[in-house]
Amino acid sequence: MLTLNPFAELALIVPVFFMKFFVILMVLLIVIGTGLDMLHKKNVVYFFRNAQKAKKSAKTQLSTGVKTSVILKTVASDIATTSELGFGQRRIAHVLGMYGTILFWIGSFVLIFGYSDGIKAPDYISVIWHLGAMMTCLGGYWFWFFLRVDVSAEAHPWYRIITADLFVLALLACATFGLAWSFSLSAGATNLSYLFLILFILANLVLFGGVYWSKFAHMFYKPGAAIQKNLAEADGSRDNLPPPSDAPEQFGLGIKREKPKHY
Ligand code: HEM
């Protein structure tokens with residue numbers, strides 16, 4: 001079941017050219033959506049202006065070696081393990097969803113561009129595709145049902161949907177309908193597989209076509225912001241924030257005193 005390449009089955013009824021065109025169209029939609037988002041929010045202009053301003057108040061000039069080391073550490077921790085989310089369920093769920101999505105996308109790309117022309121895909125690539133979708137579902141549904149702030153802290157029901165949910169819901173729809181499509185093909189349920197295929201295509205159009213309105217682009221902004229923050233810490237400019245006091249950092253439990261559940 002996990003070794004089935006659903007795109008090879010699709011190639012029996014749809015020209016491979018269409019599949020490749022669809023993938024390229026989705027990439028273009030990401031570029032256009034993110035570009036429009038940057039123009040609208042002016043966040044990148046602000047980001048670079050702020051970085052230039054902070055540079056002027058740097059206490060030390062970082063050598064290329066130190067800069068590289070700060071960037072590598074940021075990639076290994078802040079980006080690869082989303083350390084911003086601290087230790088706990090939120091981070092595990094995010095890491096599952098993030099790597100799941102990356103595997104699912106890489107798997108889709110390799111299966112479509114390398115193995116839908118009649119060449120049989122190695123089993124492990126199809127397994128990666130299915131595994132990626134399952135990890136995305138596990139991390140995404142965990143987040144959706146239990147960890148979303150307005151559900152876990154503000155007592156809204158899990159089925160309350162707002163625009164901010166567009167990204168996570170479209171991502172989950174892609175992974176869920178992709179799996180349902182593949183499993184119904186494996187089970188020989190042809191009519192059902194057509195239904196799930198259509199839903200899978202629609203979910204992709206919403207996910208990639210909705211970049212401008214959704215949180216999709218955070219996967220590009222967050223790494224940039226984390227690198228800038230750590231470089232600003234290393235050169236002493238601290239994004240023009242006041243320096244830490246000499247006194248030891250004893251702030252008590254603060255927001256960790258109790259869970260934010262006041263309803
Ligand atoms: C393929 C890459 C990624 C995927 C699929 C992904 C997926 C998601 C999803 C589904 C959410 C929940 C969105 C919501 O609030 O509705 C989220 C939130 C978040 N992501 Fe990502 N993400 C990716 C990359 C990254 C990276 C590289 C970082 C940081 C460097 C990051 C940091 C965050 C943070 C801080 C949140 C807020 C978490 C929360 O409210 O619990 N993400 N991400």
# chains A, B, ... in the order shown; residues from 1 in each chain; ligands from 1

$ residues_near_ligand --ligand "ligand 1" --cutoff "7 Å" --atoms "only C-alpha atoms and all ligand atoms" --output "ChimeraX atom specification"
/A:78-80,82,84-85,90,94,97-99,101-102,140,147-149,164-165,167-168,171,215,218-220,222-223,226

$ write_last_selection --atoms "N, CA and C atoms" --output "short mmCIF file (atom, residue, chain, number, x, y, z; two decimals), in the first residue's frame"
data_model
loop_
_atom_site.label_atom_id
_atom_site.label_comp_id
_atom_site.auth_asym_id
_atom_site.auth_seq_id
_atom_site.Cartn_x
_atom_site.Cartn_y
_atom_site.Cartn_z
N ASP A 78 17.35 26.94 15.68
CA ASP A 78 16.12 27.75 15.49
C ASP A 78 15.28 27.25 14.32
N ILE A 79 15.97 26.92 13.20
CA ILE A 79 15.22 26.56 11.99
C ILE A 79 14.91 25.05 11.94
N ALA A 80 15.96 24.22 12.09
CA ALA A 80 15.74 22.77 11.90
C ALA A 80 14.91 22.15 13.01
N THR A 82 12.85 24.25 15.16
CA THR A 82 11.96 25.34 15.62
C THR A 82 12.05 25.57 17.13
N GLU A 84 12.25 28.13 18.75
CA GLU A 84 11.43 29.24 19.22
C GLU A 84 10.21 28.74 20.01
N LEU A 85 9.77 27.52 19.69
CA LEU A 85 8.56 26.99 20.33
C LEU A 85 8.85 26.31 21.67
N ARG A 90 3.98 21.59 21.51
CA ARG A 90 3.85 22.54 20.40
C ARG A 90 5.02 22.36 19.42
N HIS A 94 4.97 20.72 15.64
CA HIS A 94 5.43 21.54 14.52
C HIS A 94 6.51 20.81 13.72
N GLY A 97 4.98 18.13 11.60
CA GLY A 97 4.29 18.69 10.43
C GLY A 97 5.27 19.27 9.42
N MET A 98 6.30 19.93 9.92
CA MET A 98 7.27 20.59 9.01
C MET A 98 8.04 19.54 8.19
N TYR A 99 8.63 18.54 8.89
CA TYR A 99 9.39 17.54 8.14
C TYR A 99 8.47 16.66 7.29
N THR A 101 5.75 17.64 5.78
CA THR A 101 5.43 18.39 4.57
C THR A 101 6.62 18.41 3.61
N ILE A 102 7.82 18.59 4.16
CA ILE A 102 9.01 18.63 3.30
C ILE A 102 9.16 17.28 2.57
N GLY A 140 -0.26 18.10 12.29
CA GLY A 140 -1.29 19.12 11.97
C GLY A 140 -2.56 18.92 12.76
N LEU A 147 -3.74 22.09 20.33
CA LEU A 147 -2.72 23.08 20.69
C LEU A 147 -3.02 24.51 20.24
N ARG A 148 -3.91 24.68 19.27
CA ARG A 148 -4.21 26.04 18.80
C ARG A 148 -4.54 26.93 19.99
N VAL A 149 -3.97 28.14 20.02
CA VAL A 149 -4.12 28.99 21.20
C VAL A 149 -5.59 29.26 21.51
N ALA A 164 -7.19 32.92 9.70
CA ALA A 164 -5.84 32.51 10.09
C ALA A 164 -5.64 31.00 10.00
N ASP A 165 -6.74 30.25 9.91
CA ASP A 165 -6.62 28.79 9.85
C ASP A 165 -6.43 28.27 8.43
N PHE A 167 -4.03 28.27 6.28
CA PHE A 167 -2.80 27.53 5.97
C PHE A 167 -2.85 26.11 6.53
N VAL A 168 -3.08 26.00 7.84
CA VAL A 168 -3.03 24.67 8.45
C VAL A 168 -4.13 23.77 7.89
N LEU A 171 -3.19 22.69 4.31
CA LEU A 171 -2.07 21.73 4.40
C LEU A 171 -2.60 20.35 4.80
N LYS A 215 -0.78 31.85 6.29
CA LYS A 215 0.50 31.96 7.00
C LYS A 215 1.60 31.17 6.28
N HIS A 218 5.38 32.15 6.32
CA HIS A 218 6.18 32.17 7.56
C HIS A 218 7.38 31.24 7.44
N MET A 219 7.26 30.22 6.58
CA MET A 219 8.38 29.28 6.43
C MET A 219 9.59 29.93 5.75
N PHE A 220 9.39 31.09 5.12
CA PHE A 220 10.52 31.85 4.56
C PHE A 220 10.94 32.97 5.51
N LYS A 222 10.41 33.31 8.90
CA LYS A 222 10.91 32.92 10.23
C LYS A 222 12.42 32.63 10.21
N PRO A 223 12.93 31.85 9.23
CA PRO A 223 14.38 31.61 9.23
C PRO A 223 15.18 32.90 9.09
N ALA A 226 15.16 34.75 12.39
CA ALA A 226 15.96 34.07 13.42
C ALA A 226 17.45 34.35 13.19
#

$ select_by_dssp --residues "stretch 82-187 of chain A" --states "helix (DSSP H, G or I)" --output "ChimeraX atom specification"
/A:83-85,89-115,123-147,149-152,163-186

$ residues_around --residues "stretch 52-65 of chain A" --least-positions-apart "3" --cutoff "8 Å" --atoms "only C-alpha atoms" --output "list in words"
Phe48, Arg49, Thr68, Ser69, Ala232, Ala234, Asp235, Gly236, Ser237, Arg238, Asp239 and Asn240 of chain A

$ residues_around --residues "A:Trp213" --least-positions-apart "2" --cutoff "12 Å" --atoms "only C-alpha atoms" --output "tab-separated table (two decimals) with C-alpha atoms, in the first residue's frame"
chain	number	residue	atom	x	y	z
A	30	ILE	CA	4.15	30.50	-4.09
A	32	ILE	CA	3.60	35.38	-6.70
A	33	GLY	CA	1.76	35.02	-3.35
A	34	THR	CA	4.89	35.64	-1.28
A	36	LEU	CA	2.54	40.24	-3.21
A	37	ASP	CA	2.57	39.61	0.55
A	38	MET	CA	5.99	41.31	0.83
A	40	HIS	CA	1.62	44.61	0.81
A	41	LYS	CA	3.13	44.25	4.29
A	162	ILE	CA	-11.16	31.87	11.03
A	163	THR	CA	-9.03	33.18	8.11
A	164	ALA	CA	-5.84	32.51	10.09
A	165	ASP	CA	-6.62	28.79	9.85
A	166	LEU	CA	-6.40	28.76	6.05
A	167	PHE	CA	-2.80	27.53	5.97
A	170	ALA	CA	-5.30	23.55	3.45
A	206	VAL	CA	-6.27	26.46	-2.08
A	207	LEU	CA	-2.93	25.90	-0.29
A	208	PHE	CA	-0.72	27.39	-3.00
A	209	GLY	CA	-3.25	29.86	-4.40
A	210	GLY	CA	-3.91	31.16	-0.87
A	211	VAL	CA	-0.30	32.06	0.00
A	215	LYS	CA	0.50	31.96	7.00
A	216	PHE	CA	2.30	29.97	4.28
A	217	ALA	CA	5.16	32.48	3.89
A	218	HIS	CA	6.18	32.17	7.56

$ atom_distance --atom1 "atom CA of A:Leu192" --atom2 "atom CA of A:Trp158"
27.8 Å

$ residues_around --residues "A:Pro122" --least-positions-apart "3" --cutoff "10 Å" --atoms "only C-alpha atoms" --output "PDB file with C-alpha atoms, in the first residue's frame"
ATOM      1  CA  THR A   3       4.836   1.490  -2.024  1.00  0.00           C
ATOM      2  CA  LEU A   4       2.201   2.532  -4.585  1.00  0.00           C
ATOM      3  CA  ASN A   5       3.126   5.507  -6.778  1.00  0.00           C
ATOM      4  CA  LEU A 111       7.610  10.793  -8.295  1.00  0.00           C
ATOM      5  CA  TYR A 115       8.789   8.210 -12.264  1.00  0.00           C
ATOM      6  CA  ILE A 119       9.786   3.898 -15.133  1.00  0.00           C
ATOM      7  CA  ILE A 125      10.350   7.008  -2.621  1.00  0.00           C
ATOM      8  CA  SER A 126       6.657   6.107  -2.509  1.00  0.00           C
ATOM      9  CA  VAL A 127       7.085   5.214   1.176  1.00  0.00           C
TER      10      VAL A 127
END

$ closest_residue --among "A:Ala93, A:Val23, A:Val70, A:Ala187" --to "A:Ile106" --atoms "only C-alpha atoms"
A:Val23

$ atom_distance --atom1 "atom CA of A:Leu205" --atom2 "atom CA of A:Leu131"
22.0 Å

$ closest_residue --among "A:Met19, A:Ser214, A:Gly107, A:Ser184" --to "A:Ile201" --atoms "only C-alpha atoms"
A:Met19

$ atom_distance --atom1 "atom CA of A:Trp142" --atom2 "atom CA of A:Ile128"
20.8 Å

$ residues_around --residues "A:Phe113" --least-positions-apart "5" --cutoff "12 Å" --atoms "only C-alpha atoms" --output "ChimeraX atom specification"
/A:7-8,11,16-24,106-108,118-119,121

$ closest_residue --among "A:Asp150, A:Gly188, A:Ser182, A:Leu169" --to "A:Asn204" --atoms "only C-alpha atoms"
A:Leu169

$ closest_residue --among "A:Pro260, A:Pro15, A:Pro242, A:Pro6" --to "A:Leu185" --atoms "only C-alpha atoms"
A:Pro6
